[in-house]
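> Contents of final13.tsv (TSV, C-alpha atoms):
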```tsv
chain	number	residue	atom	x	y	z
A	26	MET	CA	82.87	91.57	-29.34
A	27	ARG	CA	86.20	90.01	-28.41
A	28	PHE	CA	85.11	90.05	-24.74
A	29	ILE	CA	81.88	88.17	-25.54
A	30	VAL	CA	83.79	85.50	-27.48
A	31	LEU	CA	86.21	85.00	-24.57
A	32	LEU	CA	83.27	84.80	-22.14
A	33	LEU	CA	81.58	82.12	-24.23
A	34	LEU	CA	84.81	80.11	-24.50
A	35	PHE	CA	85.22	80.25	-20.71
A	36	CYS	CA	81.62	79.49	-19.71
A	37	GLY	CA	80.98	76.78	-22.33
A	38	PRO	CA	83.18	74.08	-20.77
A	39	LEU	CA	81.82	74.87	-17.29
A	40	TYR	CA	78.23	74.45	-18.47
A	41	ALA	CA	79.08	71.21	-20.28
A	42	GLN	CA	80.82	69.89	-17.14
A	43	LYS	CA	77.79	70.76	-14.97
A	44	SER	CA	75.42	69.04	-17.42
A	45	THR	CA	77.57	65.91	-17.44
A	46	SER	CA	77.70	65.92	-13.65
A	47	ASP	CA	73.90	66.24	-13.34
A	48	THR	CA	73.35	63.42	-15.84
A	49	THR	CA	75.77	61.12	-13.99
A	50	LYS	CA	74.02	61.83	-10.70
A	51	ALA	CA	70.61	60.98	-12.17
A	52	THR	CA	71.97	57.76	-13.66
A	53	GLN	CA	73.41	56.70	-10.30
A	54	THR	CA	70.11	57.39	-8.56
A	55	ILE	CA	67.91	55.53	-11.04
A	56	GLY	CA	70.12	53.02	-12.79
A	57	SER	CA	72.31	51.60	-10.02
A	58	GLN	CA	71.75	50.26	-6.52
A	59	PRO	CA	73.28	52.38	-3.72
A	60	GLU	CA	75.35	50.69	-1.04
A	61	LEU	CA	73.69	50.41	2.37
A	62	LEU	CA	75.50	50.55	5.66
A	63	SER	CA	76.77	47.07	6.44
A	64	ASP	CA	74.49	44.84	8.54
A	65	THR	CA	75.93	41.44	7.84
A	66	THR	CA	76.64	40.68	11.51
A	67	GLU	CA	74.12	38.64	13.49
A	68	TYR	CA	71.89	40.43	15.98
A	69	ARG	CA	73.27	40.41	19.52
A	70	LEU	CA	70.98	40.19	22.53
A	71	LYS	CA	70.65	43.24	24.75
A	72	PRO	CA	68.75	44.23	27.93
A	73	GLY	CA	65.01	44.52	27.24
A	74	ASP	CA	64.90	41.81	24.57
A	75	ARG	CA	61.93	39.48	24.96
A	76	LEU	CA	62.80	35.83	24.39
A	77	ARG	CA	60.71	32.74	23.63
A	78	ILE	CA	62.72	29.70	24.70
A	79	ARG	CA	61.60	26.19	23.79
A	80	SER	CA	63.01	22.86	24.79
A	81	LEU	CA	62.39	20.51	21.89
A	82	ASN	CA	63.09	17.26	23.70
A	83	ALA	CA	62.41	17.77	27.44
A	84	LEU	CA	59.68	20.35	28.01
A	85	GLU	CA	59.00	19.29	31.61
A	86	ILE	CA	62.50	20.40	32.64
A	87	ILE	CA	61.86	24.08	31.90
A	88	PHE	CA	58.18	23.82	32.92
A	89	PRO	CA	58.38	22.18	36.38
A	90	GLN	CA	55.01	21.35	37.92
A	91	GLY	CA	53.65	24.10	40.13
A	92	GLY	CA	56.18	26.66	38.91
A	93	ASN	CA	55.02	30.23	38.39
A	94	ILE	CA	56.19	30.48	34.79
A	95	ALA	CA	54.94	32.54	31.89
A	96	VAL	CA	53.82	30.20	29.14
A	97	ALA	CA	52.71	30.90	25.59
A	98	SER	CA	49.69	28.69	24.74
A	99	THR	CA	49.04	25.53	26.77
A	100	PRO	CA	51.67	23.12	28.15
A	101	MET	CA	52.38	20.06	26.06
A	102	SER	CA	54.32	16.91	26.81
A	103	SER	CA	57.97	16.68	25.81
A	104	GLY	CA	58.82	15.85	22.25
A	105	GLN	CA	55.60	17.21	20.74
A	106	ALA	CA	55.76	19.61	17.82
A	107	GLY	CA	54.64	23.13	18.62
A	108	ALA	CA	55.62	22.82	22.28
A	109	SER	CA	54.96	25.80	24.56
A	110	ALA	CA	57.55	28.53	24.94
A	111	TYR	CA	59.14	29.85	28.11
A	112	LEU	CA	58.82	33.65	27.98
A	113	ILE	CA	61.52	35.77	29.60
A	114	THR	CA	62.92	39.31	29.25
A	115	VAL	CA	66.64	40.05	29.39
A	116	ASP	CA	67.07	42.18	32.53
A	117	ARG	CA	69.13	45.36	32.87
A	118	TYR	CA	72.18	43.29	33.79
A	119	GLY	CA	71.90	41.34	30.54
A	120	GLN	CA	70.75	38.17	32.31
A	121	ILE	CA	67.78	35.80	32.18
A	122	VAL	CA	66.55	33.36	34.82
A	123	LEU	CA	66.22	29.73	33.69
A	124	PRO	CA	64.28	27.10	35.70
A	125	GLN	CA	66.59	24.74	37.66
A	126	VAL	CA	69.63	26.65	36.38
A	127	GLY	CA	69.36	30.19	37.70
A	128	ARG	CA	70.74	33.40	36.23
A	129	VAL	CA	72.47	33.22	32.87
A	130	LYS	CA	74.14	36.16	31.09
A	131	VAL	CA	73.07	36.36	27.45
A	132	ALA	CA	73.60	40.03	26.54
A	133	GLY	CA	76.15	40.37	23.76
A	134	LEU	CA	75.51	36.86	22.45
A	135	THR	CA	73.98	36.05	19.08
A	136	LYS	CA	70.84	33.93	19.06
A	137	THR	CA	72.90	30.92	17.99
A	138	ASP	CA	75.47	31.43	20.76
A	139	ALA	CA	72.74	31.93	23.39
A	140	THR	CA	71.03	28.71	22.27
A	141	ARG	CA	74.27	26.76	22.59
A	142	ALA	CA	74.98	28.30	26.00
A	143	ILE	CA	71.54	27.27	27.31
A	144	GLU	CA	72.02	23.76	25.96
A	145	GLN	CA	75.31	23.58	27.88
A	146	TYR	CA	73.61	24.68	31.11
A	147	TYR	CA	71.02	21.90	30.75
A	148	LYS	CA	73.36	19.13	29.59
A	149	ASP	CA	73.43	17.58	33.10
A	150	LEU	CA	69.63	17.68	33.34
A	151	ILE	CA	68.62	16.68	29.81
A	152	ASN	CA	69.98	14.00	27.55
A	153	ASP	CA	71.31	15.76	24.42
A	154	PRO	CA	69.38	18.99	25.06
A	155	ILE	CA	67.94	20.76	22.02
A	156	PHE	CA	66.70	24.32	22.46
A	157	ASP	CA	65.25	26.99	20.20
A	158	ILE	CA	65.18	30.77	20.88
A	159	GLU	CA	63.06	33.44	19.25
A	160	ILE	CA	63.48	37.20	19.82
A	161	SER	CA	59.94	38.61	19.81
A	162	ASN	CA	60.61	42.37	20.03
A	163	LEU	CA	62.55	43.00	16.79
A	164	GLN	CA	60.64	45.50	14.67
A	165	ILE	CA	60.64	47.69	11.57
A	166	ARG	CA	58.72	50.97	11.19
A	167	VAL	CA	56.69	51.55	8.01
A	168	LEU	CA	55.07	54.92	7.29
A	169	GLY	CA	53.75	56.92	4.37
A	170	SER	CA	51.61	55.92	1.41
A	171	VAL	CA	51.00	52.29	2.37
A	172	ALA	CA	47.74	50.55	3.24
A	173	LYS	CA	48.73	49.90	6.87
A	174	GLN	CA	51.26	52.09	8.66
A	175	GLY	CA	52.97	51.10	11.90
A	176	MET	CA	55.34	48.51	13.34
A	177	ILE	CA	56.15	45.16	11.74
A	178	TYR	CA	57.54	42.61	14.19
A	179	LEU	CA	60.17	40.23	12.90
A	180	GLU	CA	59.89	36.51	13.44
A	181	ASN	CA	63.33	36.16	11.92
A	182	GLU	CA	66.23	38.58	12.25
A	183	LYS	CA	65.48	40.20	8.90
A	184	LEU	CA	62.91	40.65	6.13
A	185	THR	CA	63.26	41.75	2.53
A	186	LEU	CA	62.03	45.14	1.35
A	187	GLY	CA	59.39	43.39	-0.76
A	188	GLU	CA	58.13	41.44	2.27
A	189	VAL	CA	57.95	44.61	4.37
A	190	ILE	CA	55.85	46.37	1.69
A	191	ALA	CA	53.60	43.29	1.36
A	192	MET	CA	53.10	43.04	5.16
A	193	SER	CA	52.11	46.72	5.25
A	194	GLY	CA	49.31	46.02	2.78
A	195	GLY	CA	51.08	47.31	-0.32
A	196	ILE	CA	51.77	50.79	-1.68
A	197	ASP	CA	48.94	53.27	-2.24
A	198	PHE	CA	50.02	54.28	-5.74
A	199	ALA	CA	47.24	56.90	-5.94
A	200	THR	CA	48.98	59.05	-3.32
A	201	ALA	CA	52.60	57.81	-3.36
A	202	GLU	CA	55.60	59.74	-4.61
A	203	LYS	CA	58.10	57.98	-6.91
A	204	THR	CA	60.51	56.76	-4.21
A	205	ILE	CA	60.82	54.32	-1.32
A	206	LYS	CA	63.15	55.51	1.42
A	207	LEU	CA	65.08	53.00	3.53
A	208	ILE	CA	66.58	54.67	6.60
A	209	ARG	CA	69.19	52.82	8.65
A	210	LYS	CA	71.26	53.88	11.65
A	211	ARG	CA	74.35	51.95	12.63
A	212	SER	CA	77.11	52.95	15.09
A	213	GLY	CA	75.74	56.49	15.33
A	214	VAL	CA	75.70	56.98	11.54
A	215	GLN	CA	72.31	57.42	9.85
A	216	GLN	CA	71.89	56.66	6.16
A	217	GLU	CA	68.94	57.26	3.86
A	218	VAL	CA	68.76	55.40	0.54
A	219	ASN	CA	66.10	56.09	-2.09
A	220	TYR	CA	64.75	53.42	-4.43
A	221	ASP	CA	62.59	54.08	-7.47
A	222	ILE	CA	59.10	52.81	-6.67
A	223	ARG	CA	58.82	51.43	-10.23
A	224	ASN	CA	61.77	49.09	-9.58
A	225	LEU	CA	60.07	47.25	-6.69
A	226	GLY	CA	59.37	44.39	-9.09
A	227	ASP	CA	63.11	44.03	-9.69
A	228	PRO	CA	64.49	41.18	-7.48
A	229	ALA	CA	67.62	43.29	-6.84
A	230	VAL	CA	65.40	45.84	-5.07
A	231	ALA	CA	62.65	43.59	-3.67
A	232	ASN	CA	65.21	41.30	-2.00
A	233	ILE	CA	67.17	44.04	-0.22
A	234	PRO	CA	67.40	42.93	3.45
A	235	VAL	CA	65.69	45.06	6.10
A	236	PHE	CA	66.75	44.64	9.73
A	237	ASP	CA	65.58	45.50	13.23
A	238	GLY	CA	65.48	49.27	13.76
A	239	ASP	CA	65.25	50.12	10.05
A	240	TYR	CA	62.65	52.63	8.88
A	241	VAL	CA	60.81	52.26	5.54
A	242	PHE	CA	59.04	55.41	4.32
A	243	VAL	CA	56.97	55.81	1.15
A	244	PRO	CA	56.63	59.61	0.77
A	245	PRO	CA	53.18	60.88	-0.26
A	246	SER	CA	53.11	63.12	-3.32
A	247	LYS	CA	52.89	66.90	-2.98
A	248	TRP	CA	49.46	67.07	-4.57
A	249	SER	CA	48.04	64.47	-2.15
A	250	LEU	CA	49.43	66.48	0.78
A	251	ARG	CA	47.86	69.59	-0.74
A	252	ILE	CA	44.48	67.81	-0.90
A	253	VAL	CA	44.75	66.85	2.77
A	254	LYS	CA	45.70	70.41	3.67
A	255	ASN	CA	42.73	71.78	1.68
A	256	GLN	CA	40.39	69.29	3.36
A	257	ARG	CA	41.59	70.41	6.80
A	258	PHE	CA	41.17	74.05	5.81
A	259	ALA	CA	37.68	73.31	4.50
A	260	SER	CA	36.73	71.52	7.74
A	261	ILE	CA	37.82	74.63	9.69
A	262	LEU	CA	36.13	77.05	7.29
A	263	SER	CA	32.87	75.10	7.01
A	264	PRO	CA	31.45	76.06	10.47
A	265	VAL	CA	32.32	79.71	9.78
A	266	VAL	CA	30.44	79.63	6.45
A	267	ILE	CA	27.45	77.94	8.07
A	268	GLY	CA	27.44	80.58	10.80
A	269	LEU	CA	27.59	83.43	8.28
A	270	ASN	CA	24.76	81.85	6.29
A	271	ALA	CA	22.65	81.63	9.43
A	272	VAL	CA	23.35	85.27	10.23
A	273	ALA	CA	22.43	86.25	6.66
A	274	VAL	CA	19.12	84.31	6.87
A	275	VAL	CA	18.21	85.91	10.21
A	276	LEU	CA	19.16	89.34	8.93
A	277	GLY	CA	17.11	88.78	5.74
A	278	LEU	CA	14.06	87.76	7.78
A	279	TYR	CA	14.47	90.78	10.00
A	280	LEU	CA	14.63	93.18	7.06
A	281	THR	CA	11.63	91.49	5.39
A	282	LEU	CA	9.46	91.72	8.50
A	283	ARG	CA	10.31	95.38	8.93
```
Could you render the structure from this file as structure tokens?


Amino acid sequence: MRFIVLLLLFCGPLYAQKSTSDTTKATQTIGSQPELLSDTTEYRLKPGDRLRIRSLNALEIIFPQGGNIAVASTPMSSGQAGASAYLITVDRYGQIVLPQVGRVKVAGLTKTDATRAIEQYYKDLINDPIFDIEISNLQIRVLGSVAKQGMIYLENEKLTLGEVIAMSGGIDFATAEKTIKLIRKRSGVQQEVNYDIRNLGDPAVANIPVFDGDYVFVPPSKWSLRIVKNQRFASILSPVVIGLNAVAVVLGLYLTLR
């Protein structure tokens, strides 16, 4: 009896500590917002980036007549809104080729720095040059229980989590699990943060920034996966059942005719 009392006195505090720990963990997961790996720095250009470069006040300078230049839409005269863009890919050396300027190294520069550098290169050819650069290959992957899975290309350097979900057609709540996973890899470190799907209406969650290379995953529920698995099994089993039925019919006819 004395041994049982001592055992209860020893195990009681341990159990209470474990319960407190589990409760704290659940509160942190549901009630507070986890910290994401930092991505406050501006995106820096790298080899393979596809750029759309526009001159806003002297289009004819970067679109010389007769030049073999890739153009988005049709050429327009200088100064017009919506002017055509000069399309170029950063080569493996981190350089681009600009008309009447030549090779310019842009790898490692932010979009703002690259724009200023190009304006400097054209300052002797254009009066007060004004340029605009867009990076057209930035993308986010979206998979899972959403209406439209796949890649979302960024017109800006970031989107919010709410915008990403909206651009993917919204969540399929009939098959979705209770979480939204945001997966981010920076400097060789990968981080996965889970958000409660019910908190997507909370601005603190909906406005979380999502950047190039991030991965948004809405896990399907276990029962929906089970349904898919059963459907696949049924599709495999169905021809076998049909074949057995056919054999049974033929065998029945044979026995009847005998």

> Show me, as a count of residues only, the residues that have an atom within 10 Å of Ala231 (chain A) when counting all atoms listed in the file, minus same-chain residues fewer than 3 positions from it.

12

> Nearest residue to Arg69 (chain A) out of A:Asp149, A:Asp116, A:Asp197, A:Glu182, using only C-alpha atoms?

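Of A:Asp149, A:Asp116, A:Asp197, A:Glu182, the one nearest Arg69 (chain A), counting only C-alpha atoms, is A:Glu182.
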
> Could you check how far CA of Gln164 (chain A) sits from CA of Gln215 (chain A), in Å to one decimal?

17.4 Å

> Which neighbours of Leu134 (chain A) fall inside 6 Å, counting all atoms listed in the file, when residues of the same chain fewer than 2 positions from it are skipped, and could you give them as a PyMOL selection string?

chain A and resi 69-70+131-132+138-139

> Choose the residue, out of A:Lys173, A:Arg75, A:Arg223, A:Lys206, that has the smallest atom-to-atom separation from Tyr111 (chain A); count all atoms listed in the file.

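Smallest separation from Tyr111 (chain A) among the options: A:Arg75.
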
> Go through A:Leu184, A:Val243, A:Ile208, A:Leu163 one by one, measure the shortest atom-to-atom distance of each to Ile222 (chain A) using only C-alpha atoms, and give the residue with the smallest value.

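When distances to Ile222 (chain A) are compared using only C-alpha atoms, the smallest one comes from A:Val243.
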
> Choose the residue, out of A:Val235, A:Val218, A:Ile165, A:Ala172, that has the smallest atom-to-atom separation from Gly194 (chain A); count all atoms listed in the file.

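Using all atoms listed in the file, Gly194 (chain A) sits closest to A:Ala172.
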
> Tell me, as a count of residues only, which residues lie within 10 Å of Pro244 (chain A), counting only C-alpha atoms; anything in the same chain fewer than 3 positions away does not count.

14

> Please report, as JSON, the centre and edge lengths in Å to one decimal of an axis-aligned box covering all listed atoms of region 216-231 of chain A with 3 Å per side.


```
{"center_x": 65.4, "center_y": 49.2, "center_z": -2.0, "size_x": 19.1, "size_y": 22.1, "size_z": 22.4}
```

> Can you work out which one of A:Ile177, A:Ala191, A:Ala229, A:Ala110 has the shortest atom-to-atom distance to Ile158 (chain A), counting only C-alpha atoms?

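Using only C-alpha atoms, Ile158 (chain A) sits closest to A:Ala110.
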
> Considering only C-alpha atoms, state which residue in the set A:Ser80, A:Thr281, A:Ser246, A:Asn270 is at the smallest distance from Glu159 (chain A).

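Between A:Ser80, A:Thr281, A:Ser246, A:Asn270, the residue approaching Glu159 (chain A) most closely is A:Ser80.
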
> In Å, rounded to a single decimal, give me how far CA of Gly195 (chain A) is from CA of Asn232 (chain A).

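Spanning CA of Asn232 (chain A) to CA of Gly195 (chain A) is a straight-line distance of 15.4 Å.
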
> If we count all atoms listed in the file, what is near Arg141 (chain A) at a cut-off of 10 Å, once residues fewer than 3 positions away on the same chain are taken out, given as a VMD selection string?

chain A and resid 135 to 138 144 to 146 154 to 157

> If I take CA of Val115 (chain A) and CA of Tyr178 (chain A), how far is one from the other in Å, to one decimal?

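The value is 17.9 Å.
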